[in-house]
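Everything below concerns the one structure shown next.
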There are 2 protein chains.
Amino acid sequence: MGPSSDQSPDEAQMDDLHAAVGRRLERHDHRYTRGRRHLVETLARVARPVTLPQIAAHADELPQSSAYRNLEVLERCGVITRIAGTADHAHFELAEPLVDHHHHLVCLGCGSLEDVHLDQELEKMVDAELAQAAASARFTPTHHSLDLHGYCHDCEPQA
Amino acid sequence: MGPSSDQSPDEAQMDDLHAAVGRRLERHDHRYTRGRRHLVETLARVARPVTLPQIAAHADELPQSSAYRNLEVLERCGVITRIAGTADHAHFELAEPLVDHHHHLVCLGCGSLEDVHLDQELEKMVDAELAQAAASARFTPTHHSLDLHGYCHDCEPQA
DNA sequence: CACGTTAGTGAGAATGAGTCTCATTCACAC
DNA sequence: GTGTGAATGAGACTCATTCTCACTAACGTG
């Protein structure tokens with residue numbers, strides 16, 4: 001459903017993305033303003049979960065309160081996903097209907113996140129098993145998350 | 001390796017647990033004091049991830065600074081695990097060598113967590129697939145986490 | 001085009017989970 | 001018992017995130 005690569009999108013893909021985001025905001029009676037466009041564009045370009053300071057590094061000026069408020073709006077409209085980990089700052093990325101289903105490598109050293117895509121068959125089995133477990137716990141599932149924790153190449157495990 | 005149920009442990013199991021925790025603390029040159037005992041005992045009894053305020057509800061008095069400090073020490077010694085989610089407070093639970101490997105049902109309504117155990121075969125397949133993905137990303141894995149997000153029985157999804 | 005209405009903006013204040021400081025107390029070794 | 005370093009707890013503090021509020025931008029209507 002989304003673009004099939006985790007590289008930065010080209011211009012045409014970016015136009016499609018903006019159109020899709022615009023539709024989602026409209027559906028929630030929100031406007032697709034310049035600040036929001038900028039956030040979406042940055043998230044699309046970095047193509048991995050990033051913190052607010054990391055987003056700010058890609059902008060000349062990014063008023064903090066507006067940025068957080070817009071991230072919240074975008075999250076409520078299903079445009080982005082907030083990932084709260086152990087790191088000081090929360091990470092943000094484009095939400096799944098806009099990009100392929102994927103999971104994360106979570107570095108215990110620097111707190112950075114990276115995307116991974118798993119085999120679809122395995123995903124199906126996981127979902128089936130989880131659905132069963134959920135049913136017996138009277139739990140109504142919406143989605144799963146599957147993260148691999150460890151150390152990225154720059155943070156070799158401490159001896 | 002751990003007890004095979006997610007019910008509160010009986011007295012004998014609790015003794016074993018304290019002994020195991022004591023050994024771990026000793027290995028790190030830390031003492032197994034009354035406050036730490038109390039934290040471990042509470043976590044063992046509730047048998048699900050809880051926040052500090054929830055732990056405090058099981059104690060007459062729980063000095064905040066000591067509690068957080070001890071949770072940190074216990075985490076560093078591999079006795080407990082900290083789970084940082086979207087909820088205001090972090091959740092804490094006994095670490096995996098002390099209890100069976102399991103995952104969580106994460107309620108988007110009230111933020112509560114509940115344990116689920118999955119089929120071991122599936123776990124193996126997931127680990128294998130993740131190991132492969134990690135290798136090609138030059139990532140050194142330590143463990144995985146697999147959560148199911150949704151709504152618990154008390155928080156039926158909002159229409 | 002002017003007007004009214006509603007959403008968005010941004011600077012600064014406020015919130016609050018979690019951490020730090022430091023003087024006091026405890027636990028263990030001898 | 002006594003000494004030594006770890007543990008304790010009250011309160012100050014940090015800092016990511018949220019809230020407030022006066023102001024501006026966008027959009028629909030007559």
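Chain labels A, B, ... are given in the sequence in which chains occur in the structure tokens; within each chain residues are numbered consecutively from 1, and ligands are likewise numbered from 1 in the order shown.
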**Prompt:** Which residues of chain D are close to chain A, meaning at most 9 Å apart when you count only C-alpha atoms (C1' of nucleotides), and how do they look as JSON, numbers by chain?
**Reply:** {"D": [16, 17, 18, 26]}
Pull C-alpha atoms (C1' of nucleotides) from the residues just selected and write them as an mmCIF file, in the first residue's frame.
```cif
data_model
loop_
_atom_site.group_PDB
_atom_site.id
_atom_site.type_symbol
_atom_site.label_atom_id
_atom_site.label_comp_id
_atom_site.auth_asym_id
_atom_site.auth_seq_id
_atom_site.Cartn_x
_atom_site.Cartn_y
_atom_site.Cartn_z
ATOM 1 C "C1'" DA D 16 10.712 16.835 27.749
ATOM 2 C "C1'" DT D 17 6.303 17.896 26.856
ATOM 3 C "C1'" DT D 18 1.975 20.405 27.371
ATOM 4 C "C1'" DA D 26 -7.498 30.626 6.123
#
```
**Request:** Could the residues of chain C within 9 Å of chain A, counting only C-alpha atoms (C1' of nucleotides), be given as a PyMOL selection string, please?
**Result:** chain C and resi 7-11
If you keep N, CA and C atoms (P, O5', C5', C4', C3', O3' and C1' of nucleotides), can you produce a file of those selected residues as a PDB file, in the first residue's frame?
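And here's part-v9.pdb as it stands now:
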```pdb
ATOM      1  P    DA C   7     -12.467  25.137  14.704  1.00  0.00           P
ATOM      2  O5'  DA C   7     -11.045  25.327  13.999  1.00  0.00           O
ATOM      3  C5'  DA C   7     -10.909  24.972  12.624  1.00  0.00           C
ATOM      4  C4'  DA C   7      -9.488  25.249  12.189  1.00  0.00           C
ATOM      5  C3'  DA C   7      -8.439  24.532  13.025  1.00  0.00           C
ATOM      6  O3'  DA C   7      -7.421  24.073  12.153  1.00  0.00           O
ATOM      7  C1'  DA C   7      -8.103  26.880  13.163  1.00  0.00           C
ATOM      8  P    DG C   8      -6.077  23.516  12.745  1.00  0.00           P
ATOM      9  O5'  DG C   8      -5.130  24.793  12.759  1.00  0.00           O
ATOM     10  C5'  DG C   8      -4.814  25.423  11.520  1.00  0.00           C
ATOM     11  C4'  DG C   8      -3.654  26.387  11.723  1.00  0.00           C
ATOM     12  C3'  DG C   8      -2.458  25.773  12.452  1.00  0.00           C
ATOM     13  O3'  DG C   8      -1.283  26.173  11.769  1.00  0.00           O
ATOM     14  C1'  DG C   8      -3.211  27.693  13.599  1.00  0.00           C
ATOM     15  P    DT C   9       0.108  25.894  12.353  1.00  0.00           P
ATOM     16  O5'  DT C   9       0.442  27.237  13.131  1.00  0.00           O
ATOM     17  C5'  DT C   9       0.603  28.448  12.395  1.00  0.00           C
ATOM     18  C4'  DT C   9       1.190  29.515  13.300  1.00  0.00           C
ATOM     19  C3'  DT C   9       2.453  29.073  14.043  1.00  0.00           C
ATOM     20  O3'  DT C   9       3.488  29.989  13.746  1.00  0.00           O
ATOM     21  C1'  DT C   9       0.862  30.066  15.522  1.00  0.00           C
ATOM     22  P    DG C  10       4.990  29.533  13.924  1.00  0.00           P
ATOM     23  O5'  DG C  10       5.324  30.189  15.327  1.00  0.00           O
ATOM     24  C5'  DG C  10       5.160  31.588  15.483  1.00  0.00           C
ATOM     25  C4'  DG C  10       5.375  31.994  16.919  1.00  0.00           C
ATOM     26  C3'  DG C  10       6.531  31.264  17.611  1.00  0.00           C
ATOM     27  O3'  DG C  10       7.113  32.178  18.520  1.00  0.00           O
ATOM     28  C1'  DG C  10       4.575  30.896  18.814  1.00  0.00           C
ATOM     29  P    DA C  11       8.640  32.349  18.600  1.00  0.00           P
ATOM     30  O5'  DA C  11       8.739  33.087  20.009  1.00  0.00           O
ATOM     31  C5'  DA C  11       7.969  34.280  20.226  1.00  0.00           C
ATOM     32  C4'  DA C  11       7.565  34.374  21.684  1.00  0.00           C
ATOM     33  C3'  DA C  11       8.626  33.914  22.670  1.00  0.00           C
ATOM     34  O3'  DA C  11       8.760  34.898  23.687  1.00  0.00           O
ATOM     35  C1'  DA C  11       6.580  32.774  23.079  1.00  0.00           C
TER      36       DA C  11
END
```
**Asked** For chain A, which residues have at least one atom within 8 Å of chain B, if we go by only C-alpha atoms? Write them as a PyMOL selection string, please.
**Response** chain A and resi 83-86+105+116-119+122+125-126+129-130+133-134+138-153+156-157
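Across the model, the gap from CA of Leu94 in chain B to CA of Thr51 in chain A is 29.2 Å.
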**Request:** Write out as an MDAnalysis selection string each polymer residue whose atoms come within 12 Å of DC3 in chain C, counting only C-alpha atoms (C1' of nucleotides); drop sequence neighbours fewer than 3 positions from it.
**Result:** chainID D and resid 27:30
**Item:** Shell of 10 Å around Ala59 in chain B, only C-alpha atoms (C1' of nucleotides), local chain residues under 6 positions omitted, as an MDAnalysis selection string
**Value:** chainID B and resid 38:39 42 53
**Request:** Going by DSSP on the backbone, which bits of range 10-140 of chain B are alpha helix (DSSP H)? Write them as a PyMOL selection string, please.
**Result:** chain B and resi 11-27+34-46+52-56+64-76+120-136
Using the selection just defined, write its residues with C-alpha atoms as an mmCIF file, in the first residue's frame.
```
data_model
loop_
_atom_site.group_PDB
_atom_site.id
_atom_site.type_symbol
_atom_site.label_atom_id
_atom_site.label_comp_id
_atom_site.auth_asym_id
_atom_site.auth_seq_id
_atom_site.Cartn_x
_atom_site.Cartn_y
_atom_site.Cartn_z
ATOM 1 C CA GLU B 11 5.848 -18.952 49.806
ATOM 2 C CA ALA B 12 8.435 -21.454 48.571
ATOM 3 C CA GLN B 13 8.648 -19.785 45.180
ATOM 4 C CA MET B 14 9.011 -16.436 46.878
ATOM 5 C CA ASP B 15 11.923 -17.726 48.934
ATOM 6 C CA ASP B 16 13.610 -19.016 45.794
ATOM 7 C CA LEU B 17 13.026 -15.689 44.130
ATOM 8 C CA HIS B 18 14.568 -13.748 47.000
ATOM 9 C CA ALA B 19 17.558 -16.069 46.995
ATOM 10 C CA ALA B 20 18.057 -15.596 43.266
ATOM 11 C CA VAL B 21 17.710 -11.831 43.545
ATOM 12 C CA GLY B 22 20.090 -11.761 46.496
ATOM 13 C CA ARG B 23 22.693 -13.601 44.449
ATOM 14 C CA ARG B 24 22.340 -11.167 41.591
ATOM 15 C CA LEU B 25 22.724 -8.140 43.832
ATOM 16 C CA GLU B 26 25.704 -9.685 45.564
ATOM 17 C CA ARG B 27 27.361 -10.245 42.218
ATOM 18 C CA ARG B 34 14.341 -4.222 53.101
ATOM 19 C CA GLY B 35 13.179 -1.626 50.578
ATOM 20 C CA ARG B 36 14.502 -3.699 47.684
ATOM 21 C CA ARG B 37 12.935 -6.844 49.090
ATOM 22 C CA HIS B 38 9.656 -5.057 49.277
ATOM 23 C CA LEU B 39 9.826 -3.916 45.665
ATOM 24 C CA VAL B 40 10.678 -7.403 44.438
ATOM 25 C CA GLU B 41 7.958 -8.951 46.540
ATOM 26 C CA THR B 42 5.351 -6.530 45.232
ATOM 27 C CA LEU B 43 6.364 -7.107 41.625
ATOM 28 C CA ALA B 44 6.233 -10.868 42.155
ATOM 29 C CA ARG B 45 2.786 -10.668 43.729
ATOM 30 C CA VAL B 46 1.106 -8.466 41.134
ATOM 31 C CA LEU B 52 5.539 3.319 40.651
ATOM 32 C CA PRO B 53 2.232 4.719 41.924
ATOM 33 C CA GLN B 54 0.738 1.247 41.566
ATOM 34 C CA ILE B 55 3.596 -0.212 43.568
ATOM 35 C CA ALA B 56 3.098 2.501 46.156
ATOM 36 C CA GLN B 64 9.784 8.181 45.956
ATOM 37 C CA SER B 65 13.462 8.852 45.591
ATOM 38 C CA SER B 66 14.488 5.608 47.221
ATOM 39 C CA ALA B 67 11.974 3.658 45.194
ATOM 40 C CA TYR B 68 13.182 5.033 41.892
ATOM 41 C CA ARG B 69 16.793 4.595 42.899
ATOM 42 C CA ASN B 70 16.207 0.997 43.898
ATOM 43 C CA LEU B 71 14.285 0.232 40.753
ATOM 44 C CA GLU B 72 17.264 1.546 38.827
ATOM 45 C CA VAL B 73 19.695 -0.601 40.816
ATOM 46 C CA LEU B 74 17.519 -3.683 40.371
ATOM 47 C CA GLU B 75 17.309 -2.972 36.667
ATOM 48 C CA ARG B 76 21.076 -2.687 36.340
ATOM 49 C CA GLN B 120 7.705 -21.526 21.594
ATOM 50 C CA GLU B 121 7.988 -22.634 17.981
ATOM 51 C CA LEU B 122 6.777 -19.257 16.832
ATOM 52 C CA GLU B 123 9.232 -17.523 19.155
ATOM 53 C CA LYS B 124 12.058 -19.499 17.596
ATOM 54 C CA MET B 125 11.006 -18.523 14.096
ATOM 55 C CA VAL B 126 10.748 -14.882 15.081
ATOM 56 C CA ASP B 127 14.182 -14.970 16.650
ATOM 57 C CA ALA B 128 15.690 -16.619 13.602
ATOM 58 C CA GLU B 129 14.178 -14.075 11.266
ATOM 59 C CA LEU B 130 15.209 -11.179 13.487
ATOM 60 C CA ALA B 131 18.748 -12.520 13.806
ATOM 61 C CA GLN B 132 19.018 -12.549 10.043
ATOM 62 C CA ALA B 133 17.669 -9.001 9.699
ATOM 63 C CA ALA B 134 20.009 -7.834 12.464
ATOM 64 C CA ALA B 135 23.035 -9.380 10.785
ATOM 65 C CA SER B 136 22.407 -7.563 7.528
#
```
**Request:** Name the residues of range 40-114 of chain B that come out as strand (DSSP E) in a backbone DSSP run; write them as a list in words.
**Result:**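 Restricting range 40-114 of chain B to strand (DSSP E) produces Ile80, Thr81, Arg82, Ile83, His91, Phe92, Glu93, Leu94, His103, His104, Leu105, Val106, Cys107, Leu113 and Glu114 of chain B.
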Skip DC15 in chain D itself and residues of its chain fewer than 5 positions away, then list as a PDB file with N, CA and C atoms (P, O5', C5', C4', C3', O3' and C1' of nucleotides), in the first residue's frame all residues within 12 Å of it, counting only C-alpha atoms (C1' of nucleotides).
```pdb
ATOM      1  N   ASP A  88      15.444   9.703  26.010  1.00  0.00           N
ATOM      2  CA  ASP A  88      14.880  10.917  26.585  1.00  0.00           C
ATOM      3  C   ASP A  88      13.689  11.415  25.769  1.00  0.00           C
ATOM      4  N   HIS A  89      13.891  11.515  24.465  1.00  0.00           N
ATOM      5  CA  HIS A  89      12.837  12.054  23.607  1.00  0.00           C
ATOM      6  C   HIS A  89      12.052  10.929  22.943  1.00  0.00           C
TER       7      HIS A  89
ATOM      8  P    DT C  15       0.844  24.507  36.880  1.00  0.00           P
ATOM      9  O5'  DT C  15       1.230  23.077  36.327  1.00  0.00           O
ATOM     10  C5'  DT C  15       0.605  22.588  35.137  1.00  0.00           C
ATOM     11  C4'  DT C  15       1.274  21.290  34.740  1.00  0.00           C
ATOM     12  C3'  DT C  15       1.492  20.321  35.911  1.00  0.00           C
ATOM     13  O3'  DT C  15       0.786  19.143  35.610  1.00  0.00           O
ATOM     14  C1'  DT C  15       3.439  20.516  34.554  1.00  0.00           C
ATOM     15  P    DG C  16       0.412  18.116  36.730  1.00  0.00           P
ATOM     16  O5'  DG C  16       1.526  17.006  36.558  1.00  0.00           O
ATOM     17  C5'  DG C  16       1.962  16.595  35.257  1.00  0.00           C
ATOM     18  C4'  DG C  16       3.209  15.760  35.410  1.00  0.00           C
ATOM     19  C3'  DG C  16       3.381  15.115  36.789  1.00  0.00           C
ATOM     20  O3'  DG C  16       4.022  13.873  36.609  1.00  0.00           O
ATOM     21  C1'  DG C  16       5.227  16.436  36.343  1.00  0.00           C
ATOM     22  P    DA C  17       3.508  12.595  37.359  1.00  0.00           P
ATOM     23  O5'  DA C  17       4.525  11.523  36.784  1.00  0.00           O
ATOM     24  C5'  DA C  17       4.589  11.332  35.387  1.00  0.00           C
ATOM     25  C4'  DA C  17       6.016  11.065  34.978  1.00  0.00           C
ATOM     26  C3'  DA C  17       6.724   9.980  35.778  1.00  0.00           C
ATOM     27  O3'  DA C  17       7.507   9.209  34.880  1.00  0.00           O
ATOM     28  C1'  DA C  17       7.918  12.027  35.977  1.00  0.00           C
ATOM     29  P    DG C  18       8.202   7.882  35.397  1.00  0.00           P
ATOM     30  O5'  DG C  18       9.651   8.419  35.813  1.00  0.00           O
ATOM     31  C5'  DG C  18      10.480   8.926  34.778  1.00  0.00           C
ATOM     32  C4'  DG C  18      11.646   9.663  35.389  1.00  0.00           C
ATOM     33  C3'  DG C  18      12.530   8.824  36.315  1.00  0.00           C
ATOM     34  O3'  DG C  18      13.795   8.740  35.681  1.00  0.00           O
ATOM     35  C1'  DG C  18      12.146  11.003  37.177  1.00  0.00           C
ATOM     36  P    DT C  19      15.054   8.138  36.392  1.00  0.00           P
ATOM     37  O5'  DT C  19      15.772   9.431  36.995  1.00  0.00           O
ATOM     38  C5'  DT C  19      16.210  10.443  36.098  1.00  0.00           C
ATOM     39  C4'  DT C  19      17.049  11.459  36.845  1.00  0.00           C
ATOM     40  C3'  DT C  19      18.218  10.871  37.633  1.00  0.00           C
ATOM     41  O3'  DT C  19      19.361  11.660  37.307  1.00  0.00           O
ATOM     42  C1'  DT C  19      16.920  12.256  39.026  1.00  0.00           C
TER      43       DT C  19
END
```
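Coordinates place CA of Val99 in chain B at a distance of 14.1 Å from CA of Asp10 in chain B.
Residues lying within 7 Å of Glu93 in chain B, counting only C-alpha atoms (C1' of nucleotides) and ignoring same-chain neighbours fewer than 3 positions away, are Leu43, Arg48, Pro49, Val50, Ile80, Thr81 and Arg82 of chain B.
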